[in-house]
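S.K.: Contents of upload07.txt (compact mmCIF, C-alpha atoms) are given next:
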```
# COMPACT_ATOMS: atom_id res chain seq x y z
CA MET M 274 2.61 3.67 1.78
CA ARG M 275 -0.68 4.79 3.17
CA LEU M 276 -4.27 4.11 2.33
CA SER M 277 -6.55 7.11 2.23
CA GLU M 278 -8.89 7.80 5.13
CA GLY M 279 -11.67 7.23 2.66
CA VAL M 280 -11.15 3.48 2.90
CA GLU M 281 -12.13 3.45 6.57
CA TRP M 282 -15.10 5.71 5.88
CA ALA M 283 -16.28 3.63 2.94
CA VAL M 284 -16.07 0.30 4.77
CA HIS M 285 -17.87 1.64 7.83
CA SER M 286 -20.49 3.27 5.62
CA CYS M 287 -21.13 -0.05 3.93
CA THR M 288 -21.50 -1.87 7.25
CA LEU M 289 -24.00 0.77 8.41
CA LEU M 290 -25.93 0.59 5.14
CA ALA M 291 -26.13 -3.17 5.65
CA ALA M 292 -28.16 -2.51 8.81
CA LEU M 293 -30.82 -0.46 6.98
CA PRO M 294 -34.39 -1.70 7.07
CA GLU M 295 -35.88 -2.75 3.75
CA GLY M 296 -36.70 0.17 1.48
CA ARG M 297 -34.70 2.74 3.44
CA ALA M 298 -31.61 4.61 2.33
CA LEU M 299 -29.02 6.99 3.76
CA GLY M 300 -27.58 10.02 2.00
CA PRO M 301 -24.10 11.50 2.27
CA ALA M 302 -25.25 14.03 4.86
CA GLU M 303 -26.60 11.36 7.21
CA LEU M 304 -23.62 9.05 6.80
CA ALA M 305 -21.20 11.95 7.32
CA ALA M 306 -23.09 12.97 10.45
CA TYR M 307 -23.11 9.43 11.82
CA PHE M 308 -19.33 9.10 11.49
CA ASP M 309 -18.56 12.80 12.04
CA VAL M 310 -16.48 13.03 8.84
CA PRO M 311 -16.48 15.72 6.11
CA LYS M 312 -19.54 15.32 3.92
CA ALA M 313 -17.97 16.47 0.64
CA TYR M 314 -15.16 13.92 0.74
CA LEU M 315 -17.41 11.10 1.92
CA ALA M 316 -19.83 11.94 -0.90
CA LYS M 317 -17.01 11.33 -3.39
CA GLN M 318 -16.36 7.87 -1.91
CA LEU M 319 -20.06 7.05 -1.99
CA GLN M 320 -20.32 8.09 -5.64
CA ALA M 321 -17.34 5.91 -6.47
CA LEU M 322 -18.88 2.95 -4.62
CA SER M 323 -22.09 3.53 -6.56
CA ARG M 324 -20.27 3.65 -9.91
CA ALA M 325 -18.52 0.41 -8.93
CA GLY M 326 -21.85 -1.32 -8.34
CA ILE M 327 -21.28 -1.71 -4.59
CA LEU M 328 -23.96 0.82 -3.64
CA SER M 329 -27.13 1.76 -5.47
CA ALA M 330 -28.48 5.28 -5.35
CA THR M 331 -32.16 6.01 -4.96
CA ARG M 332 -33.61 9.40 -5.85
CA GLY M 333 -36.33 11.50 -4.34
CA PRO M 334 -36.86 13.16 -0.95
CA SER M 335 -36.05 9.95 0.96
CA GLY M 336 -33.31 9.05 -1.53
CA GLY M 337 -29.82 7.98 -0.70
CA TYR M 338 -27.67 4.91 -0.84
CA ARG M 339 -28.24 1.26 -0.13
CA LEU M 340 -26.00 -1.75 -0.69
CA ALA M 341 -26.36 -2.94 -4.27
CA ARG M 342 -25.35 -6.51 -3.48
CA PRO M 343 -25.67 -8.97 -0.59
CA THR M 344 -23.01 -8.52 2.09
CA ASP M 345 -21.35 -11.81 1.18
CA LYS M 346 -20.74 -10.42 -2.32
CA ILE M 347 -18.88 -7.30 -1.20
CA THR M 348 -15.28 -7.63 -0.03
CA LEU M 349 -12.65 -5.35 1.44
CA CYS M 350 -10.82 -5.74 -1.87
CA ASP M 351 -13.82 -4.33 -3.77
CA ILE M 352 -13.96 -1.31 -1.48
CA VAL M 353 -10.21 -0.64 -1.30
CA VAL M 354 -9.81 -0.83 -5.07
CA THR M 355 -12.80 1.47 -5.56
CA VAL M 356 -11.64 4.11 -3.10
CA GLU M 357 -7.96 4.00 -4.00
CA GLY M 358 -8.62 3.94 -7.71
CA PRO M 359 -6.85 2.02 -10.43
CA GLY M 360 -3.13 1.48 -10.65
CA THR M 361 -0.64 -0.57 -8.73
CA CYS M 362 1.01 0.56 -5.47
CA PHE M 363 4.41 0.08 -7.05
CA ARG M 364 4.74 2.18 -10.19
CA CYS M 365 7.72 1.08 -12.24
CA GLN M 366 9.48 4.12 -13.67
CA GLU M 367 11.89 1.90 -15.64
CA ILE M 368 14.91 3.53 -14.08
CA ARG M 369 16.92 0.52 -15.30
CA ARG M 370 16.80 2.08 -18.78
CA ARG M 371 18.05 5.48 -17.69
CA GLY M 372 21.47 6.96 -17.17
CA PRO M 373 24.79 6.29 -18.85
CA THR M 374 24.34 2.52 -19.24
CA GLY M 375 20.76 2.61 -20.56
CA GLN M 376 20.26 0.57 -23.70
CA PRO M 377 17.73 0.75 -26.54
CA ARG M 378 14.19 -0.30 -25.71
CA ARG M 379 14.54 -3.67 -27.47
CA CYS M 380 17.00 -4.71 -24.74
CA TYR M 381 14.15 -4.75 -22.18
CA PRO M 382 11.54 -7.13 -23.62
CA GLU M 383 10.16 -8.09 -20.20
CA PRO M 384 9.01 -5.97 -17.25
CA CYS M 385 11.78 -5.60 -14.68
CA GLY M 386 11.98 -8.48 -12.20
CA ILE M 387 11.77 -6.01 -9.32
CA ALA M 388 8.44 -4.68 -10.59
CA ARG M 389 7.16 -8.21 -11.18
CA ALA M 390 7.97 -9.21 -7.61
CA MET M 391 6.37 -6.06 -6.19
CA TRP M 392 3.22 -6.59 -8.24
CA ALA M 393 3.01 -10.28 -7.27
CA ALA M 394 2.98 -9.27 -3.59
CA GLU M 395 0.24 -6.71 -4.29
CA ARG M 396 -1.88 -9.40 -5.90
CA VAL M 397 -1.49 -11.51 -2.76
CA TYR M 398 -2.53 -8.49 -0.65
CA LEU M 399 -5.65 -7.91 -2.71
CA THR M 400 -6.47 -11.61 -2.71
CA GLU M 401 -6.27 -11.53 1.07
CA LEU M 402 -8.59 -8.52 1.22
CA GLY M 403 -10.89 -10.34 -1.20
CA LYS M 404 -11.39 -13.10 1.37
CA VAL M 405 -12.95 -10.66 3.83
CA THR M 406 -16.60 -10.05 3.03
CA LEU M 407 -18.84 -7.45 4.61
CA ALA M 408 -20.90 -10.39 5.87
CA LYS M 409 -17.88 -11.67 7.79
CA LEU M 410 -17.07 -8.25 9.27
CA ILE M 411 -20.69 -7.74 10.30
CA ALA M 412 -20.92 -11.19 11.91
CA GLU M 413 -17.77 -10.49 13.93
CA ALA M 414 -19.00 -7.05 14.89
CA ALA M 415 -22.30 -8.47 16.13
CA ASP M 416 -20.34 -10.31 18.82
CA GLU M 417 -17.99 -7.47 19.60
CA VAL M 418 -19.86 -4.20 19.36
CA SER M 419 -21.18 -3.20 22.78
CA ASP M 420 -24.88 -3.43 23.53
CA GLU M 421 -24.90 0.34 24.14
CA GLN M 422 -23.48 1.03 20.66
CA GLN M 423 -25.86 -1.39 18.97
CA ALA M 424 -28.87 0.14 20.70
CA ALA M 425 -27.73 3.68 19.90
CA THR M 426 -27.29 2.77 16.23
CA ARG M 427 -30.75 1.22 16.07
CA ARG M 428 -32.30 4.33 17.63
CA TRP M 429 -30.38 6.56 15.20
CA LEU M 430 -31.46 4.51 12.18
CA ASP M 431 -35.09 4.54 13.34
CA ARG M 432 -34.97 8.30 13.55
CA VAL M 433 -32.89 9.19 10.48
CA ALA M 434 -33.21 6.51 7.81
CA MET H 254 -2.30 3.63 -2.29
CA ARG H 255 1.06 4.25 -3.81
CA LEU H 256 4.60 3.39 -2.84
CA SER H 257 7.12 6.20 -3.13
CA GLU H 258 9.48 6.28 -6.09
CA GLY H 259 12.24 5.83 -3.55
CA VAL H 260 11.38 2.13 -3.28
CA GLU H 261 12.33 1.51 -6.91
CA TRP H 262 15.47 3.58 -6.52
CA ALA H 263 16.50 1.84 -3.32
CA VAL H 264 16.00 -1.68 -4.67
CA HIS H 265 17.89 -0.92 -7.89
CA SER H 266 20.67 0.77 -5.91
CA CYS H 267 21.03 -2.34 -3.76
CA THR H 268 21.24 -4.61 -6.80
CA LEU H 269 23.93 -2.36 -8.30
CA LEU H 270 25.87 -2.28 -5.03
CA ALA H 271 25.74 -6.08 -5.01
CA ALA H 272 27.80 -6.02 -8.22
CA LEU H 273 30.63 -3.98 -6.69
CA PRO H 274 34.10 -5.50 -6.60
CA GLU H 275 35.53 -6.21 -3.14
CA GLY H 276 36.59 -3.08 -1.29
CA ARG H 277 34.80 -0.66 -3.59
CA ALA H 278 31.89 1.61 -2.75
CA LEU H 279 29.50 3.98 -4.50
CA GLY H 280 28.33 7.33 -3.18
CA PRO H 281 24.96 9.04 -3.67
CA ALA H 282 26.30 11.10 -6.59
CA GLU H 283 27.41 8.02 -8.54
CA LEU H 284 24.25 6.04 -7.84
CA ALA H 285 22.09 9.05 -8.76
CA ALA H 286 24.03 9.47 -12.00
CA TYR H 287 23.73 5.77 -12.87
CA PHE H 288 19.95 5.82 -12.52
CA ASP H 289 19.47 9.46 -13.56
CA VAL H 290 17.46 10.29 -10.44
CA PRO H 291 17.70 13.31 -8.09
CA LYS H 292 20.73 12.96 -5.84
CA ALA H 293 19.29 14.68 -2.76
CA TYR H 294 16.28 12.39 -2.55
CA LEU H 295 18.27 9.25 -3.32
CA ALA H 296 20.78 10.27 -0.63
CA LYS H 297 17.94 10.22 1.92
CA GLN H 298 16.98 6.68 0.92
CA LEU H 299 20.60 5.55 1.13
CA GLN H 300 20.98 7.07 4.60
CA ALA H 301 17.82 5.28 5.71
CA LEU H 302 19.11 1.97 4.28
CA SER H 303 22.36 2.54 6.14
CA ARG H 304 20.59 3.25 9.43
CA ALA H 305 18.56 0.08 8.90
CA GLY H 306 21.74 -2.00 8.56
CA ILE H 307 21.12 -2.84 4.91
CA LEU H 308 23.98 -0.69 3.64
CA SER H 309 27.23 0.22 5.32
CA ALA H 310 28.87 3.57 4.75
CA THR H 311 32.60 3.95 4.29
CA ARG H 312 34.30 7.31 4.69
CA GLY H 313 37.15 8.99 2.93
CA PRO H 314 37.81 10.09 -0.66
CA SER H 315 36.76 6.73 -2.10
CA GLY H 316 33.98 6.38 0.47
CA GLY H 317 30.40 5.50 -0.23
CA TYR H 318 27.99 2.66 0.33
CA ARG H 319 28.25 -1.10 0.12
CA LEU H 320 25.77 -3.79 1.07
CA ALA H 321 26.07 -4.51 4.77
CA ARG H 322 24.75 -8.07 4.48
CA PRO H 323 24.84 -10.90 1.95
CA THR H 324 22.22 -10.60 -0.78
CA ASP H 325 20.30 -13.60 0.57
CA LYS H 326 19.82 -11.70 3.84
CA ILE H 327 18.22 -8.61 2.29
CA THR H 328 14.60 -8.79 1.16
CA LEU H 329 12.15 -6.52 -0.62
CA CYS H 330 10.31 -6.30 2.70
CA ASP H 331 13.44 -4.91 4.41
CA ILE H 332 13.81 -2.25 1.73
CA VAL H 333 10.13 -1.29 1.43
CA VAL H 334 9.74 -0.94 5.20
CA THR H 335 12.91 1.15 5.39
CA VAL H 336 11.98 3.51 2.58
CA GLU H 337 8.30 3.84 3.47
CA GLY H 338 8.97 4.23 7.17
CA PRO H 339 7.06 2.82 10.10
CA GLY H 340 3.30 2.64 10.38
CA THR H 341 0.64 0.57 8.75
CA CYS H 342 -0.92 1.37 5.35
CA PHE H 343 -4.34 1.40 6.97
CA ARG H 344 -4.48 3.92 9.80
CA CYS H 345 -7.53 3.37 11.93
CA GLN H 346 -9.05 6.72 12.95
CA GLU H 347 -11.61 4.99 15.17
CA ILE H 348 -14.50 6.64 13.39
CA ARG H 349 -16.74 4.00 14.99
CA ARG H 350 -16.47 6.00 18.23
CA ARG H 351 -17.44 9.31 16.69
CA GLY H 352 -20.71 10.99 15.94
CA PRO H 353 -24.08 10.84 17.67
CA THR H 354 -23.93 7.13 18.56
CA GLY H 355 -20.36 7.10 19.89
CA GLN H 356 -20.04 5.49 23.30
CA PRO H 357 -17.49 5.81 26.10
CA ARG H 358 -14.04 4.37 25.43
CA ARG H 359 -14.67 1.31 27.62
CA CYS H 360 -17.24 0.14 25.04
CA TYR H 361 -14.40 -0.50 22.54
CA PRO H 362 -12.01 -2.87 24.32
CA GLU H 363 -10.71 -4.40 21.07
CA PRO H 364 -9.40 -2.80 17.86
CA CYS H 365 -12.13 -2.56 15.25
CA GLY H 366 -12.58 -5.73 13.17
CA ILE H 367 -12.20 -3.70 9.98
CA ALA H 368 -8.76 -2.48 11.08
CA ARG H 369 -7.76 -5.99 12.16
CA ALA H 370 -8.67 -7.41 8.75
CA MET H 371 -6.83 -4.62 6.92
CA TRP H 372 -3.72 -5.13 9.05
CA ALA H 373 -3.81 -8.91 8.58
CA ALA H 374 -3.72 -8.42 4.81
CA GLU H 375 -0.78 -6.03 5.18
CA ARG H 376 1.12 -8.64 7.15
CA VAL H 377 0.54 -11.11 4.32
CA TYR H 378 1.82 -8.51 1.82
CA LEU H 379 5.00 -7.90 3.80
CA THR H 380 5.50 -11.63 4.31
CA GLU H 381 5.29 -12.05 0.54
CA LEU H 382 7.86 -9.29 0.00
CA GLY H 383 10.00 -10.95 2.65
CA LYS H 384 10.26 -14.06 0.50
CA VAL H 385 12.00 -12.11 -2.27
CA THR H 386 15.69 -11.72 -1.55
CA LEU H 387 18.14 -9.54 -3.46
CA ALA H 388 19.94 -12.78 -4.29
CA LYS H 389 16.80 -14.06 -6.04
CA LEU H 390 16.26 -10.82 -7.96
CA ILE H 391 19.90 -10.77 -9.05
CA ALA H 392 19.84 -14.39 -10.17
CA GLU H 393 16.75 -13.73 -12.27
CA ALA H 394 18.25 -10.56 -13.70
CA ALA H 395 21.41 -12.42 -14.71
CA ASP H 396 19.28 -14.43 -17.14
CA GLU H 397 17.16 -11.53 -18.31
CA VAL H 398 19.32 -8.43 -18.50
CA SER H 399 20.69 -8.02 -22.01
CA ASP H 400 24.38 -8.66 -22.71
CA GLU H 401 24.69 -5.03 -23.82
CA GLN H 402 23.35 -3.74 -20.49
CA GLN H 403 25.51 -6.11 -18.45
CA ALA H 404 28.64 -5.08 -20.37
CA ALA H 405 27.81 -1.38 -20.06
CA THR H 406 27.31 -1.75 -16.32
CA ARG H 407 30.64 -3.55 -15.91
CA ARG H 408 32.44 -0.82 -17.86
CA TRP H 409 30.72 1.87 -15.79
CA LEU H 410 31.64 0.17 -12.50
CA ASP H 411 35.27 -0.26 -13.64
CA ARG H 412 35.46 3.43 -14.37
CA VAL H 413 33.49 4.91 -11.48
CA ALA H 414 33.60 2.61 -8.45
```
Take the structure in the file and give it back as structure tokens.

M.R.:
Amino acid sequence: MRLSEGVEWAVHSCTLLAALPEGRALGPAELAAYFDVPKAYLAKQLQALSRAGILSATRGPSGGYRLARPTDKITLCDIVVTVEGPGTCFRCQEIRRRGPTGQPRRCYPEPCGIARAMWAAERVYLTELGKVTLAKLIAEAADEVSDEQQAATRRWLDRVA
Amino acid sequence: MRLSEGVEWAVHSCTLLAALPEGRALGPAELAAYFDVPKAYLAKQLQALSRAGILSATRGPSGGYRLARPTDKITLCDIVVTVEGPGTCFRCQEIRRRGPTGQPRRCYPEPCGIARAMWAAERVYLTELGKVTLAKLIAEAADEVSDEQQAATRRWLDRVA
């Protein structure tokens, strides 16, 4: 089981967008340059985040993306679900019904207990991710990110955003 | 994020193996036939489960696999980790170090907070799966699986195992 690289890109993009001065925005090209990741694929993640109401897009020559909500209203769960798309990690193929002992459909009124247990664990995972807000990640980073990195990011935002 | 089909196959195979009479075993061909899944791919999962000490392999003409441990000592976590292989779902590519504001390695003494939060949620997911034993799944299934299916499985095991 592996999350797509886009999750890391999307979360980092959101934390950078949170640092934007009022009225500024960053486009896919700038964000891709900042993180040195492929622009086309990052653009897809950004569009998805925009459709999900996590980012808002502004048009025009200085257009781009900004966070659409306060950082305490955006969680890792929101971002992971947006980037990974709908659907559970465990996809029940109902193999219990197949093969020589398979019975008519009416003999399986409930989802398989294996699938139910797998899905219950996924809900716990997403709940856990839902407890982690961008605000929390940013507050932790403020203590941990080196002064050099913070200064370099400020200079870059002043120049680019 | 999606788990491989092999997880469903492996868990169902283990529950079927738990129903084997003493001294009997089932090979990849029989298990693949029972669930109507591709033998070659199922065989890989069974070998992995054997290497992980979840199944034991017996040789000879009536050889095959049996559970290597009691059903209350085998969990969904054991099986998922075995089938999916090592490594976290979230793979940190350290994109925070890249691009025009990236700093020397010494500026990043700790793993990124985003990665730490993602990994913490994964640990909670696996812990949750670790609470679900085969014994529990089998006990639930005993109440839920239709009489027709249970009888068909017993007949099939009598004939094949």

S.K.: Please report, as CSV, each residue of chain M lying at most 6 Å from chain H, together with the nearest pair of atoms and the separation in Å rounded to one decimal; use only C-alpha atoms, and order rows by chain and ascending residue number.

M.R.:
```
residue,atom,partner,partner_atom,distance
M:Met274,CA,H:Leu256,CA,5.0
M:Arg275,CA,H:Cys342,CA,4.1
M:Leu276,CA,H:Met254,CA,5.0
M:Tyr307,CA,H:Gly352,CA,5.0
M:Phe308,CA,H:Gly352,CA,5.0
M:Asp309,CA,H:Gly352,CA,4.8
M:Glu357,CA,H:Met254,CA,5.9
M:Cys362,CA,H:Arg255,CA,4.0
M:Phe363,CA,H:Leu256,CA,5.4
M:Ile368,CA,H:Phe288,CA,5.8
M:Arg371,CA,H:Phe288,CA,5.5
M:Gly372,CA,H:Asp289,CA,4.8
M:Thr374,CA,H:Ala405,CA,5.3
M:Cys380,CA,H:Ser399,CA,5.7
M:Ala394,CA,H:Glu381,CA,5.5
M:Tyr398,CA,H:Tyr378,CA,5.0
M:Glu401,CA,H:Ala374,CA,5.5
M:Ser419,CA,H:Cys360,CA,5.6
M:Ala425,CA,H:Thr354,CA,5.3
M:Thr426,CA,H:Thr354,CA,6.0
```

S.K.: Would you superpose chain H on chain M, least squares on all C-alpha atoms in order, and hand back the fitted chain as a short mmCIF file (atom, residue, chain, number, x, y, z; two decimals) with C-alpha atoms, in the coordinates of the input?

M.R.:
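Saved result, selection.cif, follows:
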```
data_model
loop_
_atom_site.label_atom_id
_atom_site.label_comp_id
_atom_site.auth_asym_id
_atom_site.auth_seq_id
_atom_site.Cartn_x
_atom_site.Cartn_y
_atom_site.Cartn_z
CA MET H 254 2.61 3.70 1.79
CA ARG H 255 -0.68 4.80 3.19
CA LEU H 256 -4.29 4.11 2.33
CA SER H 257 -6.56 7.14 2.22
CA GLU H 258 -8.89 7.82 5.13
CA GLY H 259 -11.69 7.25 2.65
CA VAL H 260 -11.15 3.49 2.90
CA GLU H 261 -12.12 3.45 6.57
CA TRP H 262 -15.08 5.71 5.88
CA ALA H 263 -16.27 3.64 2.94
CA VAL H 264 -16.06 0.31 4.76
CA HIS H 265 -17.86 1.65 7.84
CA SER H 266 -20.50 3.28 5.63
CA CYS H 267 -21.13 -0.05 3.92
CA THR H 268 -21.51 -1.86 7.24
CA LEU H 269 -24.00 0.79 8.41
CA LEU H 270 -25.94 0.58 5.14
CA ALA H 271 -26.13 -3.18 5.64
CA ALA H 272 -28.16 -2.52 8.80
CA LEU H 273 -30.82 -0.47 6.99
CA PRO H 274 -34.40 -1.70 7.09
CA GLU H 275 -35.91 -2.75 3.75
CA GLY H 276 -36.71 0.17 1.49
CA ARG H 277 -34.71 2.73 3.45
CA ALA H 278 -31.63 4.61 2.32
CA LEU H 279 -29.04 6.99 3.75
CA GLY H 280 -27.61 10.02 1.99
CA PRO H 281 -24.10 11.50 2.26
CA ALA H 282 -25.25 14.04 4.87
CA GLU H 283 -26.60 11.36 7.21
CA LEU H 284 -23.62 9.04 6.81
CA ALA H 285 -21.21 11.96 7.32
CA ALA H 286 -23.09 12.98 10.46
CA TYR H 287 -23.10 9.42 11.83
CA PHE H 288 -19.33 9.11 11.50
CA ASP H 289 -18.54 12.80 12.04
CA VAL H 290 -16.49 13.03 8.84
CA PRO H 291 -16.49 15.71 6.10
CA LYS H 292 -19.55 15.31 3.90
CA ALA H 293 -17.99 16.47 0.63
CA TYR H 294 -15.18 13.93 0.75
CA LEU H 295 -17.42 11.10 1.93
CA ALA H 296 -19.85 11.95 -0.89
CA LYS H 297 -17.04 11.32 -3.39
CA GLN H 298 -16.37 7.88 -1.92
CA LEU H 299 -20.07 7.04 -1.99
CA GLN H 300 -20.35 8.10 -5.64
CA ALA H 301 -17.35 5.92 -6.48
CA LEU H 302 -18.90 2.95 -4.62
CA SER H 303 -22.11 3.53 -6.56
CA ARG H 304 -20.30 3.64 -9.90
CA ALA H 305 -18.54 0.41 -8.93
CA GLY H 306 -21.88 -1.33 -8.33
CA ILE H 307 -21.31 -1.72 -4.60
CA LEU H 308 -23.97 0.82 -3.65
CA SER H 309 -27.15 1.76 -5.46
CA ALA H 310 -28.50 5.28 -5.36
CA THR H 311 -32.18 6.02 -4.97
CA ARG H 312 -33.60 9.43 -5.84
CA GLY H 313 -36.29 11.56 -4.34
CA PRO H 314 -36.84 13.19 -0.94
CA SER H 315 -36.06 9.98 0.95
CA GLY H 316 -33.33 9.06 -1.53
CA GLY H 317 -29.84 7.99 -0.69
CA TYR H 318 -27.67 4.91 -0.85
CA ARG H 319 -28.24 1.24 -0.13
CA LEU H 320 -26.00 -1.75 -0.69
CA ALA H 321 -26.38 -2.94 -4.26
CA ARG H 322 -25.36 -6.52 -3.48
CA PRO H 323 -25.67 -8.96 -0.59
CA THR H 324 -23.02 -8.51 2.09
CA ASP H 325 -21.36 -11.82 1.17
CA LYS H 326 -20.75 -10.43 -2.33
CA ILE H 327 -18.89 -7.30 -1.20
CA THR H 328 -15.29 -7.62 -0.04
CA LEU H 329 -12.65 -5.34 1.43
CA CYS H 330 -10.81 -5.73 -1.88
CA ASP H 331 -13.83 -4.33 -3.78
CA ILE H 332 -13.96 -1.31 -1.49
CA VAL H 333 -10.21 -0.63 -1.30
CA VAL H 334 -9.81 -0.83 -5.08
CA THR H 335 -12.80 1.47 -5.57
CA VAL H 336 -11.66 4.11 -3.10
CA GLU H 337 -7.97 4.01 -4.01
CA GLY H 338 -8.63 3.95 -7.73
CA PRO H 339 -6.86 2.00 -10.43
CA GLY H 340 -3.13 1.47 -10.66
CA THR H 341 -0.64 -0.57 -8.75
CA CYS H 342 1.00 0.55 -5.48
CA PHE H 343 4.40 0.07 -7.07
CA ARG H 344 4.74 2.16 -10.21
CA CYS H 345 7.72 1.08 -12.23
CA GLN H 346 9.50 4.12 -13.69
CA GLU H 347 11.90 1.90 -15.64
CA ILE H 348 14.93 3.53 -14.08
CA ARG H 349 16.93 0.52 -15.30
CA ARG H 350 16.81 2.07 -18.78
CA ARG H 351 18.06 5.47 -17.70
CA GLY H 352 21.46 6.96 -17.16
CA PRO H 353 24.80 6.30 -18.84
CA THR H 354 24.34 2.53 -19.22
CA GLY H 355 20.77 2.61 -20.55
CA GLN H 356 20.30 0.59 -23.71
CA PRO H 357 17.77 0.73 -26.54
CA ARG H 358 14.21 -0.31 -25.70
CA ARG H 359 14.57 -3.68 -27.45
CA CYS H 360 17.05 -4.70 -24.72
CA TYR H 361 14.18 -4.76 -22.18
CA PRO H 362 11.59 -7.14 -23.63
CA GLU H 363 10.19 -8.10 -20.21
CA PRO H 364 9.03 -5.97 -17.26
CA CYS H 365 11.79 -5.61 -14.69
CA GLY H 366 11.99 -8.49 -12.19
CA ILE H 367 11.79 -6.02 -9.31
CA ALA H 368 8.46 -4.68 -10.59
CA ARG H 369 7.17 -8.21 -11.19
CA ALA H 370 7.97 -9.23 -7.61
CA MET H 371 6.38 -6.07 -6.19
CA TRP H 372 3.23 -6.60 -8.25
CA ALA H 373 3.01 -10.28 -7.26
CA ALA H 374 2.98 -9.28 -3.60
CA GLU H 375 0.25 -6.72 -4.31
CA ARG H 376 -1.87 -9.41 -5.91
CA VAL H 377 -1.49 -11.51 -2.77
CA TYR H 378 -2.53 -8.50 -0.65
CA LEU H 379 -5.66 -7.90 -2.72
CA THR H 380 -6.47 -11.61 -2.72
CA GLU H 381 -6.28 -11.53 1.07
CA LEU H 382 -8.61 -8.52 1.22
CA GLY H 383 -10.89 -10.34 -1.19
CA LYS H 384 -11.40 -13.10 1.36
CA VAL H 385 -12.95 -10.65 3.83
CA THR H 386 -16.60 -10.06 3.04
CA LEU H 387 -18.85 -7.44 4.62
CA ALA H 388 -20.91 -10.38 5.87
CA LYS H 389 -17.88 -11.66 7.80
CA LEU H 390 -17.06 -8.25 9.26
CA ILE H 391 -20.68 -7.75 10.32
CA ALA H 392 -20.91 -11.17 11.92
CA GLU H 393 -17.77 -10.49 13.93
CA ALA H 394 -18.99 -7.05 14.90
CA ALA H 395 -22.29 -8.48 16.14
CA ASP H 396 -20.32 -10.31 18.83
CA GLU H 397 -17.96 -7.47 19.61
CA VAL H 398 -19.85 -4.20 19.36
CA SER H 399 -21.16 -3.21 22.78
CA ASP H 400 -24.89 -3.44 23.54
CA GLU H 401 -24.89 0.33 24.14
CA GLN H 402 -23.47 1.03 20.67
CA GLN H 403 -25.83 -1.40 18.96
CA ALA H 404 -28.85 0.13 20.71
CA ALA H 405 -27.72 3.68 19.90
CA THR H 406 -27.27 2.76 16.25
CA ARG H 407 -30.74 1.20 16.07
CA ARG H 408 -32.30 4.31 17.62
CA TRP H 409 -30.37 6.55 15.21
CA LEU H 410 -31.45 4.50 12.18
CA ASP H 411 -35.09 4.53 13.35
CA ARG H 412 -34.97 8.29 13.57
CA VAL H 413 -32.90 9.19 10.51
CA ALA H 414 -33.22 6.52 7.82
#
```

S.K.: Give me the residues near Ala263 of chain H as a list of chain:residue names, where near means some atom within 8 Å (using all atoms listed in the file) and where sequence neighbours in that chain fewer than 5 positions away do not count.

M.R.: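 Neighbouring residues, sequence-local ones excluded: H:Leu295, H:Gln298, H:Leu299, H:Ile332, H:Val336.
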
S.K.: Atom CA of Lys317 of chain M and atom CA of Asp351 of chain M, how far apart in Å?

M.R.: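 One can read the atom CA of Asp351 of chain M to atom CA of Lys317 of chain M distance as 16.0 Å.
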
S.K.: What separation in Å, quoted to one decimal, exists between atom CA of Ile347 of chain M and atom CA of Ala408 of chain M?

M.R.: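 Separation between atom CA of Ile347 of chain M and atom CA of Ala408 of chain M: 8.0 Å.
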
S.K.: Using only C-alpha atoms, collect all residues at a distance of at most 12 Å from (-24.0, 4.1, -5.0) as written in the file, then present them as a PyMOL selection string.

M.R.: chain M and resi 283+286-287+290+298-301+315-332+336-342+352+355

S.K.: So that I have them on file, write out the residues from the current selection with C-alpha atoms, as an mmCIF file, keeping the file's coordinate frame.

M.R.:
```cif
data_model
loop_
_atom_site.group_PDB
_atom_site.id
_atom_site.type_symbol
_atom_site.label_atom_id
_atom_site.label_comp_id
_atom_site.auth_asym_id
_atom_site.auth_seq_id
_atom_site.Cartn_x
_atom_site.Cartn_y
_atom_site.Cartn_z
ATOM 1 C CA ALA M 283 -16.280 3.630 2.940
ATOM 2 C CA SER M 286 -20.490 3.270 5.620
ATOM 3 C CA CYS M 287 -21.130 -0.050 3.930
ATOM 4 C CA LEU M 290 -25.930 0.590 5.140
ATOM 5 C CA ALA M 298 -31.610 4.610 2.330
ATOM 6 C CA LEU M 299 -29.020 6.990 3.760
ATOM 7 C CA GLY M 300 -27.580 10.020 2.000
ATOM 8 C CA PRO M 301 -24.100 11.500 2.270
ATOM 9 C CA LEU M 315 -17.410 11.100 1.920
ATOM 10 C CA ALA M 316 -19.830 11.940 -0.900
ATOM 11 C CA LYS M 317 -17.010 11.330 -3.390
ATOM 12 C CA GLN M 318 -16.360 7.870 -1.910
ATOM 13 C CA LEU M 319 -20.060 7.050 -1.990
ATOM 14 C CA GLN M 320 -20.320 8.090 -5.640
ATOM 15 C CA ALA M 321 -17.340 5.910 -6.470
ATOM 16 C CA LEU M 322 -18.880 2.950 -4.620
ATOM 17 C CA SER M 323 -22.090 3.530 -6.560
ATOM 18 C CA ARG M 324 -20.270 3.650 -9.910
ATOM 19 C CA ALA M 325 -18.520 0.410 -8.930
ATOM 20 C CA GLY M 326 -21.850 -1.320 -8.340
ATOM 21 C CA ILE M 327 -21.280 -1.710 -4.590
ATOM 22 C CA LEU M 328 -23.960 0.820 -3.640
ATOM 23 C CA SER M 329 -27.130 1.760 -5.470
ATOM 24 C CA ALA M 330 -28.480 5.280 -5.350
ATOM 25 C CA THR M 331 -32.160 6.010 -4.960
ATOM 26 C CA ARG M 332 -33.610 9.400 -5.850
ATOM 27 C CA GLY M 336 -33.310 9.050 -1.530
ATOM 28 C CA GLY M 337 -29.820 7.980 -0.700
ATOM 29 C CA TYR M 338 -27.670 4.910 -0.840
ATOM 30 C CA ARG M 339 -28.240 1.260 -0.130
ATOM 31 C CA LEU M 340 -26.000 -1.750 -0.690
ATOM 32 C CA ALA M 341 -26.360 -2.940 -4.270
ATOM 33 C CA ARG M 342 -25.350 -6.510 -3.480
ATOM 34 C CA ILE M 352 -13.960 -1.310 -1.480
ATOM 35 C CA THR M 355 -12.800 1.470 -5.560
#
```
